[in-house]
$ cat run-v8.tsv   # TSV, all heavy atoms
chain	number	residue	atom	x	y	z
A	1	MET	N	4.15	-3.43	-8.97
A	1	MET	CA	4.45	-4.02	-7.69
A	1	MET	C	3.64	-5.30	-7.52
A	1	MET	O	2.53	-5.38	-8.01
A	1	MET	CB	4.10	-3.06	-6.57
A	1	MET	CG	5.13	-2.02	-6.31
A	1	MET	SD	4.70	-1.05	-4.87
A	1	MET	CE	5.65	0.39	-5.26
A	2	THR	N	4.21	-6.22	-6.82
A	2	THR	CA	3.53	-7.50	-6.64
A	2	THR	C	2.68	-7.48	-5.37
A	2	THR	O	2.92	-6.70	-4.45
A	2	THR	CB	4.54	-8.66	-6.55
A	2	THR	OG1	5.42	-8.42	-5.46
A	2	THR	CG2	5.34	-8.78	-7.83
A	3	ILE	N	1.70	-8.34	-5.33
A	3	ILE	CA	0.84	-8.48	-4.17
A	3	ILE	C	1.69	-8.94	-2.99
A	3	ILE	O	2.53	-9.82	-3.13
A	3	ILE	CB	-0.30	-9.46	-4.46
A	3	ILE	CG1	-1.21	-8.85	-5.53
A	3	ILE	CG2	-1.08	-9.81	-3.21
A	3	ILE	CD1	-2.27	-9.78	-6.05
A	4	GLY	N	1.47	-8.31	-1.84
A	4	GLY	CA	2.22	-8.64	-0.64
A	4	GLY	C	3.41	-7.73	-0.38
A	4	GLY	O	4.06	-7.84	0.65
A	5	THR	N	3.71	-6.81	-1.32
A	5	THR	CA	4.82	-5.88	-1.14
A	5	THR	C	4.48	-4.86	-0.05
A	5	THR	O	3.45	-4.20	-0.13
A	5	THR	CB	5.13	-5.13	-2.45
A	5	THR	OG1	5.39	-6.08	-3.48
A	5	THR	CG2	6.31	-4.20	-2.30
A	6	PRO	N	5.33	-4.70	0.97
A	6	PRO	CA	5.08	-3.65	1.97
A	6	PRO	C	5.41	-2.28	1.38
A	6	PRO	O	6.46	-2.11	0.77
A	6	PRO	CB	6.03	-4.01	3.11
A	6	PRO	CG	7.09	-4.86	2.50
A	6	PRO	CD	6.50	-5.51	1.29
A	7	VAL	N	4.50	-1.33	1.52
A	7	VAL	CA	4.67	-0.01	0.92
A	7	VAL	C	4.35	1.08	1.93
A	7	VAL	O	3.75	0.84	2.97
A	7	VAL	CB	3.76	0.16	-0.32
A	7	VAL	CG1	4.19	-0.77	-1.44
A	7	VAL	CG2	2.30	-0.06	0.02
A	8	LYS	N	4.73	2.31	1.58
A	8	LYS	CA	4.41	3.51	2.36
A	8	LYS	C	3.93	4.56	1.38
A	8	LYS	O	4.48	4.71	0.30
A	8	LYS	CB	5.66	3.99	3.09
A	8	LYS	CG	5.44	5.26	3.90
A	8	LYS	CD	6.73	5.72	4.53
A	8	LYS	CE	6.54	6.96	5.38
A	8	LYS	NZ	5.97	8.09	4.68
A	9	ILE	N	2.87	5.29	1.75
A	9	ILE	CA	2.38	6.37	0.91
A	9	ILE	C	3.28	7.57	1.12
A	9	ILE	O	3.51	7.99	2.25
A	9	ILE	CB	0.91	6.71	1.24
A	9	ILE	CG1	0.02	5.50	1.01
A	9	ILE	CG2	0.44	7.89	0.38
A	9	ILE	CD1	-1.42	5.71	1.39
A	10	LYS	N	3.80	8.14	0.03
A	10	LYS	CA	4.69	9.30	0.12
A	10	LYS	C	3.99	10.46	0.82
A	10	LYS	O	2.84	10.78	0.52
A	10	LYS	CB	5.10	9.76	-1.28
A	10	LYS	CG	6.02	8.82	-2.00
A	10	LYS	CD	6.37	9.35	-3.38
A	10	LYS	CE	7.18	8.36	-4.18
A	10	LYS	NZ	7.40	8.81	-5.56
A	11	GLY	N	4.66	11.06	1.79
A	11	GLY	CA	4.14	12.22	2.48
A	11	GLY	C	3.20	11.90	3.63
A	11	GLY	O	2.71	12.80	4.30
A	12	TYR	N	2.90	10.64	3.86
A	12	TYR	CA	2.00	10.24	4.94
A	12	TYR	C	2.65	9.12	5.74
A	12	TYR	O	3.47	8.37	5.23
A	12	TYR	CB	0.66	9.75	4.39
A	12	TYR	CG	-0.10	10.81	3.65
A	12	TYR	CD1	0.03	10.95	2.28
A	12	TYR	CD2	-0.94	11.69	4.33
A	12	TYR	CE1	-0.66	11.94	1.59
A	12	TYR	CE2	-1.63	12.68	3.65
A	12	TYR	CZ	-1.49	12.81	2.29
A	12	TYR	OH	-2.16	13.78	1.61
A	13	ASP	N	2.24	8.97	6.98
A	13	ASP	CA	2.76	7.89	7.81
A	13	ASP	C	1.81	6.69	7.73
A	13	ASP	O	1.27	6.23	8.73
A	13	ASP	CB	2.92	8.37	9.26
A	13	ASP	CG	3.70	7.36	10.09
A	13	ASP	OD1	4.52	6.63	9.51
A	13	ASP	OD2	3.47	7.31	11.30
A	14	VAL	N	1.57	6.25	6.51
A	14	VAL	CA	0.69	5.11	6.27
A	14	VAL	C	1.54	3.99	5.68
A	14	VAL	O	2.08	4.12	4.59
A	14	VAL	CB	-0.45	5.46	5.30
A	14	VAL	CG1	-1.28	4.23	4.97
A	14	VAL	CG2	-1.33	6.56	5.89
A	15	HIS	N	1.67	2.92	6.44
A	15	HIS	CA	2.39	1.74	5.97
A	15	HIS	C	1.34	0.67	5.68
A	15	HIS	O	0.44	0.45	6.48
A	15	HIS	CB	3.38	1.26	7.02
A	15	HIS	CG	4.48	2.23	7.25
A	15	HIS	ND1	5.67	2.17	6.58
A	15	HIS	CD2	4.56	3.31	8.06
A	15	HIS	CE1	6.45	3.16	6.97
A	15	HIS	NE2	5.79	3.87	7.87
A	16	ALA	N	1.47	0.02	4.55
A	16	ALA	CA	0.44	-0.92	4.12
A	16	ALA	C	1.07	-2.01	3.27
A	16	ALA	O	2.29	-2.02	3.06
A	16	ALA	CB	-0.64	-0.17	3.34
A	17	VAL	N	0.23	-2.88	2.77
A	17	VAL	CA	0.68	-3.96	1.90
A	17	VAL	C	-0.23	-3.98	0.68
A	17	VAL	O	-1.43	-3.72	0.77
A	17	VAL	CB	0.70	-5.31	2.66
A	17	VAL	CG1	-0.65	-5.69	3.15
A	17	VAL	CG2	1.29	-6.40	1.82
A	18	VAL	N	0.36	-4.26	-0.48
A	18	VAL	CA	-0.40	-4.31	-1.73
A	18	VAL	C	-1.29	-5.55	-1.71
A	18	VAL	O	-0.81	-6.66	-1.47
A	18	VAL	CB	0.55	-4.34	-2.95
A	18	VAL	CG1	-0.23	-4.49	-4.24
A	18	VAL	CG2	1.42	-3.10	-2.99
A	19	ILE	N	-2.61	-5.36	-1.94
A	19	ILE	CA	-3.51	-6.51	-1.98
A	19	ILE	C	-4.10	-6.73	-3.37
A	19	ILE	O	-4.61	-7.80	-3.66
A	19	ILE	CB	-4.65	-6.37	-0.95
A	19	ILE	CG1	-5.47	-5.11	-1.18
A	19	ILE	CG2	-4.10	-6.43	0.46
A	19	ILE	CD1	-6.77	-5.08	-0.39
A	20	LYS	N	-4.03	-5.72	-4.23
A	20	LYS	CA	-4.57	-5.85	-5.59
A	20	LYS	C	-3.78	-4.94	-6.51
A	20	LYS	O	-3.48	-3.81	-6.16
A	20	LYS	CB	-6.05	-5.48	-5.60
A	20	LYS	CG	-6.73	-5.69	-6.93
A	20	LYS	CD	-8.20	-5.33	-6.83
A	20	LYS	CE	-8.85	-5.35	-8.18
A	20	LYS	NZ	-10.21	-4.81	-8.16
A	21	ASN	N	-3.45	-5.45	-7.68
A	21	ASN	CA	-2.68	-4.69	-8.65
A	21	ASN	C	-3.37	-4.86	-10.00
A	21	ASN	O	-3.47	-5.96	-10.51
A	21	ASN	CB	-1.25	-5.23	-8.69
A	21	ASN	CG	-0.34	-4.43	-9.59
A	21	ASN	OD1	-0.80	-3.56	-10.31
A	21	ASN	ND2	0.92	-4.74	-9.55
A	22	ASP	N	-3.88	-3.77	-10.55
A	22	ASP	CA	-4.47	-3.84	-11.89
A	22	ASP	C	-3.98	-2.67	-12.72
A	22	ASP	O	-3.18	-1.86	-12.27
A	22	ASP	CB	-6.00	-3.91	-11.83
A	22	ASP	CG	-6.63	-2.74	-11.10
A	22	ASP	OD1	-6.10	-1.63	-11.17
A	22	ASP	OD2	-7.68	-2.94	-10.47
A	23	GLN	N	-4.45	-2.57	-13.94
A	23	GLN	CA	-3.92	-1.55	-14.85
A	23	GLN	C	-4.27	-0.13	-14.43
A	23	GLN	O	-3.58	0.81	-14.80
A	23	GLN	CB	-4.40	-1.80	-16.27
A	23	GLN	CG	-5.90	-1.68	-16.46
A	23	GLN	CD	-6.34	-2.11	-17.83
A	23	GLN	OE1	-5.61	-2.79	-18.53
A	23	GLN	NE2	-7.52	-1.70	-18.23
A	24	ASP	N	-5.31	0.05	-13.63
A	24	ASP	CA	-5.70	1.39	-13.19
A	24	ASP	C	-4.87	1.88	-12.00
A	24	ASP	O	-4.68	3.07	-11.83
A	24	ASP	CB	-7.18	1.42	-12.81
A	24	ASP	CG	-8.08	1.15	-13.99
A	24	ASP	OD1	-7.71	1.52	-15.12
A	24	ASP	OD2	-9.15	0.55	-13.78
A	25	GLY	N	-4.40	0.97	-11.17
A	25	GLY	CA	-3.63	1.36	-9.99
A	25	GLY	C	-3.54	0.21	-9.01
A	25	GLY	O	-3.77	-0.94	-9.36
A	26	LEU	N	-3.22	0.55	-7.77
A	26	LEU	CA	-3.01	-0.45	-6.73
A	26	LEU	C	-4.01	-0.26	-5.60
A	26	LEU	O	-4.37	0.86	-5.27
A	26	LEU	CB	-1.61	-0.32	-6.14
A	26	LEU	CG	-0.44	-0.46	-7.11
A	26	LEU	CD1	0.83	0.05	-6.45
A	26	LEU	CD2	-0.27	-1.89	-7.53
A	27	THR	N	-4.44	-1.35	-5.01
A	27	THR	CA	-5.23	-1.29	-3.78
A	27	THR	C	-4.32	-1.79	-2.68
A	27	THR	O	-3.70	-2.85	-2.81
A	27	THR	CB	-6.49	-2.17	-3.88
A	27	THR	OG1	-7.25	-1.75	-5.01
A	27	THR	CG2	-7.33	-2.03	-2.62
A	28	ILE	N	-4.24	-1.01	-1.60
A	28	ILE	CA	-3.38	-1.39	-0.47
A	28	ILE	C	-4.23	-1.44	0.79
A	28	ILE	O	-5.28	-0.81	0.87
A	28	ILE	CB	-2.20	-0.41	-0.30
A	28	ILE	CG1	-2.67	1.01	-0.01
A	28	ILE	CG2	-1.30	-0.43	-1.53
A	28	ILE	CD1	-1.56	1.98	0.31
A	29	ARG	N	-3.78	-2.21	1.78
A	29	ARG	CA	-4.48	-2.33	3.06
A	29	ARG	C	-3.49	-2.06	4.18
A	29	ARG	O	-2.42	-2.65	4.21
A	29	ARG	CB	-5.08	-3.71	3.22
A	29	ARG	CG	-5.84	-3.86	4.54
A	29	ARG	CD	-6.45	-5.23	4.73
A	29	ARG	NE	-7.43	-5.50	3.70
A	29	ARG	CZ	-7.52	-6.66	3.05
A	29	ARG	NH1	-6.72	-7.65	3.33
A	29	ARG	NH2	-8.44	-6.82	2.14
A	30	ASP	N	-3.88	-1.18	5.11
A	30	ASP	CA	-3.00	-0.90	6.25
A	30	ASP	C	-3.28	-1.88	7.38
A	30	ASP	O	-4.15	-2.75	7.28
A	30	ASP	CB	-3.10	0.56	6.69
A	30	ASP	CG	-4.42	0.93	7.35
A	30	ASP	OD1	-5.24	0.04	7.62
A	30	ASP	OD2	-4.63	2.12	7.60
A	31	ALA	N	-2.55	-1.76	8.48
A	31	ALA	CA	-2.65	-2.70	9.59
A	31	ALA	C	-4.01	-2.62	10.30
A	31	ALA	O	-4.41	-3.57	10.96
A	31	ALA	CB	-1.53	-2.45	10.60
A	32	ASN	N	-4.73	-1.51	10.12
A	32	ASN	CA	-6.05	-1.36	10.73
A	32	ASN	C	-7.17	-1.89	9.84
A	32	ASN	O	-8.33	-1.80	10.19
A	32	ASN	CB	-6.33	0.11	11.05
A	32	ASN	CG	-5.39	0.63	12.12
A	32	ASN	OD1	-5.08	-0.09	13.07
A	32	ASN	ND2	-4.93	1.84	11.96
A	33	GLY	N	-6.81	-2.40	8.66
A	33	GLY	CA	-7.81	-2.96	7.75
A	33	GLY	C	-8.38	-1.97	6.76
A	33	GLY	O	-9.22	-2.33	5.94
A	34	ARG	N	-7.94	-0.71	6.80
A	34	ARG	CA	-8.42	0.28	5.84
A	34	ARG	C	-7.78	0.02	4.49
A	34	ARG	O	-6.58	-0.27	4.40
A	34	ARG	CB	-8.10	1.69	6.30
A	34	ARG	CG	-8.98	2.16	7.43
A	34	ARG	CD	-8.70	3.62	7.75
A	34	ARG	NE	-7.36	3.73	8.31
A	34	ARG	CZ	-7.11	4.06	9.57
A	34	ARG	NH1	-8.08	4.34	10.38
A	34	ARG	NH2	-5.88	4.13	10.00
A	35	GLU	N	-8.57	0.16	3.44
A	35	GLU	CA	-8.05	-0.04	2.09
A	35	GLU	C	-7.98	1.30	1.38
A	35	GLU	O	-8.84	2.16	1.55
A	35	GLU	CB	-8.94	-1.01	1.32
A	35	GLU	CG	-8.89	-2.41	1.88
A	35	GLU	CD	-9.67	-3.42	1.05
A	35	GLU	OE1	-10.23	-3.05	0.00
A	35	GLU	OE2	-9.71	-4.58	1.48
A	36	TYR	N	-6.92	1.47	0.61
A	36	TYR	CA	-6.70	2.69	-0.15
A	36	TYR	C	-6.44	2.31	-1.61
A	36	TYR	O	-5.80	1.30	-1.88
A	36	TYR	CB	-5.45	3.44	0.35
A	36	TYR	CG	-5.49	3.83	1.81
A	36	TYR	CD1	-5.05	2.94	2.79
A	36	TYR	CD2	-5.91	5.09	2.20
A	36	TYR	CE1	-5.06	3.30	4.13
A	36	TYR	CE2	-5.92	5.45	3.54
A	36	TYR	CZ	-5.49	4.56	4.49
A	36	TYR	OH	-5.50	4.92	5.80
A	37	PHE	N	-6.91	3.16	-2.52
A	37	PHE	CA	-6.57	3.00	-3.93
A	37	PHE	C	-5.57	4.09	-4.27
A	37	PHE	O	-5.77	5.25	-3.94
A	37	PHE	CB	-7.81	3.15	-4.83
A	37	PHE	CG	-7.47	3.09	-6.29
A	37	PHE	CD1	-7.33	1.86	-6.90
A	37	PHE	CD2	-7.26	4.24	-7.02
A	37	PHE	CE1	-6.99	1.78	-8.24
A	37	PHE	CE2	-6.92	4.17	-8.35
A	37	PHE	CZ	-6.79	2.94	-8.96
A	38	CYS	N	-4.48	3.74	-4.90
A	38	CYS	CA	-3.48	4.75	-5.26
A	38	CYS	C	-2.70	4.27	-6.48
A	38	CYS	O	-2.85	3.16	-6.96
A	38	CYS	CB	-2.56	5.05	-4.09
A	38	CYS	SG	-1.90	3.61	-3.31
A	39	PHE	N	-1.89	5.17	-6.98
A	39	PHE	CA	-1.04	4.88	-8.12
A	39	PHE	C	0.35	4.50	-7.63
A	39	PHE	O	0.77	4.93	-6.56
A	39	PHE	CB	-0.96	6.09	-9.07
A	39	PHE	CG	-2.31	6.48	-9.61
A	39	PHE	CD1	-2.96	7.59	-9.13
A	39	PHE	CD2	-2.92	5.70	-10.58
A	39	PHE	CE1	-4.21	7.94	-9.61
A	39	PHE	CE2	-4.17	6.04	-11.07
A	39	PHE	CZ	-4.81	7.17	-10.58
A	40	GLU	N	1.05	3.72	-8.42
A	40	GLU	CA	2.38	3.25	-8.01
A	40	GLU	C	3.33	4.41	-7.75
A	40	GLU	O	4.20	4.33	-6.89
A	40	GLU	CB	2.94	2.31	-9.08
A	40	GLU	CG	4.13	1.53	-8.61
A	40	GLU	CD	4.47	0.36	-9.49
A	40	GLU	OE1	3.62	-0.10	-10.27
A	40	GLU	OE2	5.62	-0.09	-9.39
A	41	SER	N	3.16	5.53	-8.46
A	41	SER	CA	4.03	6.69	-8.28
A	41	SER	C	3.86	7.34	-6.91
A	41	SER	O	4.72	8.09	-6.47
A	41	SER	CB	3.78	7.71	-9.38
A	41	SER	OG	2.45	8.17	-9.32
A	42	GLU	N	2.75	7.06	-6.21
A	42	GLU	CA	2.49	7.63	-4.89
A	42	GLU	C	3.09	6.80	-3.77
A	42	GLU	O	3.00	7.18	-2.60
A	42	GLU	CB	0.99	7.74	-4.65
A	42	GLU	CG	0.28	8.66	-5.61
A	42	GLU	CD	-1.22	8.61	-5.42
A	42	GLU	OE1	-1.82	7.55	-5.62
A	42	GLU	OE2	-1.78	9.66	-5.06
A	43	LEU	N	3.68	5.65	-4.10
A	43	LEU	CA	4.15	4.71	-3.09
A	43	LEU	C	5.66	4.53	-3.13
A	43	LEU	O	6.28	4.69	-4.18
A	43	LEU	CB	3.50	3.34	-3.30
A	43	LEU	CG	1.99	3.29	-3.27
A	43	LEU	CD1	1.52	1.91	-3.67
A	43	LEU	CD2	1.47	3.67	-1.91
A	44	VAL	N	6.22	4.20	-1.99
A	44	VAL	CA	7.61	3.74	-1.91
A	44	VAL	C	7.60	2.42	-1.15
A	44	VAL	O	6.72	2.18	-0.32
A	44	VAL	CB	8.53	4.77	-1.20
A	44	VAL	CG1	8.70	6.00	-2.04
A	44	VAL	CG2	8.03	5.11	0.17
A	45	ILE	N	8.56	1.57	-1.43
A	45	ILE	CA	8.64	0.29	-0.73
A	45	ILE	C	9.04	0.55	0.71
A	45	ILE	O	9.98	1.30	0.98
A	45	ILE	CB	9.61	-0.66	-1.45
A	45	ILE	CG1	9.03	-1.02	-2.81
A	45	ILE	CG2	9.86	-1.92	-0.63
A	45	ILE	CD1	9.89	-1.92	-3.66
A	46	SER	N	8.31	-0.03	1.63
A	46	SER	CA	8.51	0.19	3.05
A	46	SER	C	9.52	-0.79	3.63
A	46	SER	O	9.59	-1.94	3.20
A	46	SER	CB	7.19	0.07	3.79
A	46	SER	OG	7.36	0.19	5.17
A	47	THR	N	10.24	-0.32	4.64
A	47	THR	CA	11.17	-1.23	5.33
A	47	THR	C	10.55	-1.74	6.63
A	47	THR	O	11.14	-2.58	7.29
A	47	THR	CB	12.49	-0.49	5.65
A	47	THR	OG1	12.20	0.69	6.40
A	47	THR	CG2	13.21	-0.11	4.39
A	48	LYS	N	9.36	-1.23	6.99
A	48	LYS	CA	8.69	-1.69	8.22
A	48	LYS	C	8.01	-3.02	7.95
A	48	LYS	O	7.44	-3.24	6.91
A	48	LYS	CB	7.64	-0.69	8.68
A	48	LYS	CG	8.24	0.52	9.34
A	48	LYS	CD	7.17	1.28	10.09
A	48	LYS	CE	7.77	2.43	10.84
A	48	LYS	NZ	6.80	3.13	11.64
A	49	GLU	N	8.04	-3.89	8.95
A	49	GLU	CA	7.42	-5.20	8.82
A	49	GLU	C	6.22	-5.31	9.75
A	49	GLU	O	5.83	-6.39	10.13
A	49	GLU	CB	8.45	-6.29	9.18
A	49	GLU	CG	9.71	-6.23	8.34
A	49	GLU	CD	9.70	-7.22	7.20
A	49	GLU	OE1	8.90	-8.16	7.26
A	49	GLU	OE2	10.48	-7.04	6.27
A	50	LEU	N	5.63	-4.16	10.12
A	50	LEU	CA	4.53	-4.15	11.09
A	50	LEU	C	3.20	-4.56	10.48
A	50	LEU	O	2.26	-4.84	11.19
A	50	LEU	CB	4.36	-2.74	11.67
A	50	LEU	CG	5.58	-2.13	12.36
A	50	LEU	CD1	5.26	-0.69	12.75
A	50	LEU	CD2	5.95	-2.93	13.57
A	51	VAL	N	3.10	-4.55	9.18
A	51	VAL	CA	1.82	-4.70	8.50
A	51	VAL	C	1.42	-6.17	8.45
A	51	VAL	O	2.19	-7.01	8.02
A	51	VAL	CB	1.90	-4.11	7.08
A	51	VAL	CG1	0.58	-4.26	6.38
A	51	VAL	CG2	2.31	-2.66	7.14
A	52	LYS	N	0.21	-6.45	8.89
A	52	LYS	CA	-0.31	-7.80	8.73
A	52	LYS	C	-1.31	-7.80	7.58
A	52	LYS	O	-1.99	-6.81	7.36
A	52	LYS	CB	-0.95	-8.30	10.01
A	52	LYS	CG	-1.99	-7.38	10.59
A	52	LYS	CD	-2.46	-7.87	11.93
A	52	LYS	CE	-3.40	-6.83	12.53
A	52	LYS	NZ	-3.88	-7.20	13.81
A	53	GLN	N	-1.40	-8.87	6.87
A	53	GLN	CA	-2.22	-8.90	5.68
A	53	GLN	C	-3.61	-9.38	5.99
A	53	GLN	O	-3.83	-10.17	6.85
A	53	GLN	CB	-1.60	-9.81	4.64
A	53	GLN	CG	-2.05	-9.52	3.26
A	53	GLN	CD	-1.15	-10.15	2.23
A	53	GLN	OE1	-0.17	-10.77	2.57
A	53	GLN	NE2	-1.45	-9.97	0.99

$ encode --input "run-v8.tsv" --output "structure tokens"
Amino acid sequence: MTIGTPVKIKGYDVHAVVIKNDQDGLTIRDANGREYFCFESELVISTKELVKQ
């Protein structure tokens, strides 16, 4: 996934945007500024545009 892609964590109501992509996984940031590390398989592309970077 590319930086800036809006995503959602599967099974959770967390919408975020990809801020870092490396070989180990992705770092995403939600609208509240919290950062999460996860794998691409845990994410789906979000249709919400609420997330600010």

$ atom_distance --input "run-v8.tsv" --atom1 "CA of Gly4 in chain A" --atom2 "CA of Asp30 in chain A"
11.6 Å

$ residues_near_point --input "run-v8.tsv" --point "(4.2, -7.9, -2.4)" --cutoff "8 Å" --atoms "only C-alpha atoms" --output "PDB file with all heavy atoms, keeping the file's coordinate frame"
ATOM      1  N   MET A   1       4.150  -3.430  -8.970  1.00  0.00           N
ATOM      2  CA  MET A   1       4.450  -4.020  -7.690  1.00  0.00           C
ATOM      3  C   MET A   1       3.640  -5.300  -7.520  1.00  0.00           C
ATOM      4  O   MET A   1       2.530  -5.380  -8.010  1.00  0.00           O
ATOM      5  CB  MET A   1       4.100  -3.060  -6.570  1.00  0.00           C
ATOM      6  CG  MET A   1       5.130  -2.020  -6.310  1.00  0.00           C
ATOM      7  SD  MET A   1       4.700  -1.050  -4.870  1.00  0.00           S
ATOM      8  CE  MET A   1       5.650   0.390  -5.260  1.00  0.00           C
ATOM      9  N   THR A   2       4.210  -6.220  -6.820  1.00  0.00           N
ATOM     10  CA  THR A   2       3.530  -7.500  -6.640  1.00  0.00           C
ATOM     11  C   THR A   2       2.680  -7.480  -5.370  1.00  0.00           C
ATOM     12  O   THR A   2       2.920  -6.700  -4.450  1.00  0.00           O
ATOM     13  CB  THR A   2       4.540  -8.660  -6.550  1.00  0.00           C
ATOM     14  OG1 THR A   2       5.420  -8.420  -5.460  1.00  0.00           O
ATOM     15  CG2 THR A   2       5.340  -8.780  -7.830  1.00  0.00           C
ATOM     16  N   ILE A   3       1.700  -8.340  -5.330  1.00  0.00           N
ATOM     17  CA  ILE A   3       0.840  -8.480  -4.170  1.00  0.00           C
ATOM     18  C   ILE A   3       1.690  -8.940  -2.990  1.00  0.00           C
ATOM     19  O   ILE A   3       2.530  -9.820  -3.130  1.00  0.00           O
ATOM     20  CB  ILE A   3      -0.300  -9.460  -4.460  1.00  0.00           C
ATOM     21  CG1 ILE A   3      -1.210  -8.850  -5.530  1.00  0.00           C
ATOM     22  CG2 ILE A   3      -1.080  -9.810  -3.210  1.00  0.00           C
ATOM     23  CD1 ILE A   3      -2.270  -9.780  -6.050  1.00  0.00           C
ATOM     24  N   GLY A   4       1.470  -8.310  -1.840  1.00  0.00           N
ATOM     25  CA  GLY A   4       2.220  -8.640  -0.640  1.00  0.00           C
ATOM     26  C   GLY A   4       3.410  -7.730  -0.380  1.00  0.00           C
ATOM     27  O   GLY A   4       4.060  -7.840   0.650  1.00  0.00           O
ATOM     28  N   THR A   5       3.710  -6.810  -1.320  1.00  0.00           N
ATOM     29  CA  THR A   5       4.820  -5.880  -1.140  1.00  0.00           C
ATOM     30  C   THR A   5       4.480  -4.860  -0.050  1.00  0.00           C
ATOM     31  O   THR A   5       3.450  -4.200  -0.130  1.00  0.00           O
ATOM     32  CB  THR A   5       5.130  -5.130  -2.450  1.00  0.00           C
ATOM     33  OG1 THR A   5       5.390  -6.080  -3.480  1.00  0.00           O
ATOM     34  CG2 THR A   5       6.310  -4.200  -2.300  1.00  0.00           C
ATOM     35  N   PRO A   6       5.330  -4.700   0.970  1.00  0.00           N
ATOM     36  CA  PRO A   6       5.080  -3.650   1.970  1.00  0.00           C
ATOM     37  C   PRO A   6       5.410  -2.280   1.380  1.00  0.00           C
ATOM     38  O   PRO A   6       6.460  -2.110   0.770  1.00  0.00           O
ATOM     39  CB  PRO A   6       6.030  -4.010   3.110  1.00  0.00           C
ATOM     40  CG  PRO A   6       7.090  -4.860   2.500  1.00  0.00           C
ATOM     41  CD  PRO A   6       6.500  -5.510   1.290  1.00  0.00           C
ATOM     42  N   VAL A  17       0.230  -2.880   2.770  1.00  0.00           N
ATOM     43  CA  VAL A  17       0.680  -3.960   1.900  1.00  0.00           C
ATOM     44  C   VAL A  17      -0.230  -3.980   0.680  1.00  0.00           C
ATOM     45  O   VAL A  17      -1.430  -3.720   0.770  1.00  0.00           O
ATOM     46  CB  VAL A  17       0.700  -5.310   2.660  1.00  0.00           C
ATOM     47  CG1 VAL A  17      -0.650  -5.690   3.150  1.00  0.00           C
ATOM     48  CG2 VAL A  17       1.290  -6.400   1.820  1.00  0.00           C
ATOM     49  N   VAL A  18       0.360  -4.260  -0.480  1.00  0.00           N
ATOM     50  CA  VAL A  18      -0.400  -4.310  -1.730  1.00  0.00           C
ATOM     51  C   VAL A  18      -1.290  -5.550  -1.710  1.00  0.00           C
ATOM     52  O   VAL A  18      -0.810  -6.660  -1.470  1.00  0.00           O
ATOM     53  CB  VAL A  18       0.550  -4.340  -2.950  1.00  0.00           C
ATOM     54  CG1 VAL A  18      -0.230  -4.490  -4.240  1.00  0.00           C
ATOM     55  CG2 VAL A  18       1.420  -3.100  -2.990  1.00  0.00           C
ATOM     56  N   ILE A  19      -2.610  -5.360  -1.940  1.00  0.00           N
ATOM     57  CA  ILE A  19      -3.510  -6.510  -1.980  1.00  0.00           C
ATOM     58  C   ILE A  19      -4.100  -6.730  -3.370  1.00  0.00           C
ATOM     59  O   ILE A  19      -4.610  -7.800  -3.660  1.00  0.00           O
ATOM     60  CB  ILE A  19      -4.650  -6.370  -0.950  1.00  0.00           C
ATOM     61  CG1 ILE A  19      -5.470  -5.110  -1.180  1.00  0.00           C
ATOM     62  CG2 ILE A  19      -4.100  -6.430   0.460  1.00  0.00           C
ATOM     63  CD1 ILE A  19      -6.770  -5.080  -0.390  1.00  0.00           C
TER      64      ILE A  19
END

$ residues_around --input "run-v8.tsv" --residues "Gly25 in chain A" --least-positions-apart "4" --cutoff "4.5 Å" --atoms "all atoms listed in the file" --output "list of chain:residue names"
A:Lys20, A:Asn21, A:Phe37, A:Cys38, A:Phe39

$ residues_around --input "run-v8.tsv" --residues "His15 in chain A" --least-positions-apart "2" --cutoff "5 Å" --atoms "all heavy atoms" --output "list of chain:residue names"
A:Val7, A:Lys8, A:Asp13, A:Val17, A:Arg29, A:Asp30, A:Ala31, A:Ser46, A:Lys48, A:Val51

$ select_by_dssp --input "run-v8.tsv" --residues "chain A" --states "strand (DSSP E or B)" --output "number ranges by chain"
A: 6-9, 15-22, 25-30, 35-38, 43-45

$ atom_distance --input "run-v8.tsv" --atom1 "CA of Asp24 in chain A" --atom2 "CA of Leu43 in chain A"
14.5 Å

$ atom_distance --input "run-v8.tsv" --atom1 "OE2 of Glu35 in chain A" --atom2 "atom C of Gln23 in chain A"
17.4 Å

$ closest_residue --input "run-v8.tsv" --among "A:Ile28, A:Thr47, A:Ser41, A:Arg34" --to "Lys10 in chain A" --atoms "all atoms listed in the file"
A:Ser41

$ axis_aligned_box --input "run-v8.tsv" --around "range 35-45 of chain A" --padding-each-side "5 Å" --output "JSON"
{"center_x": -0.1, "center_y": 2.5, "center_z": -2.6, "size_x": 30.2, "size_y": 24.2, "size_z": 26.9}
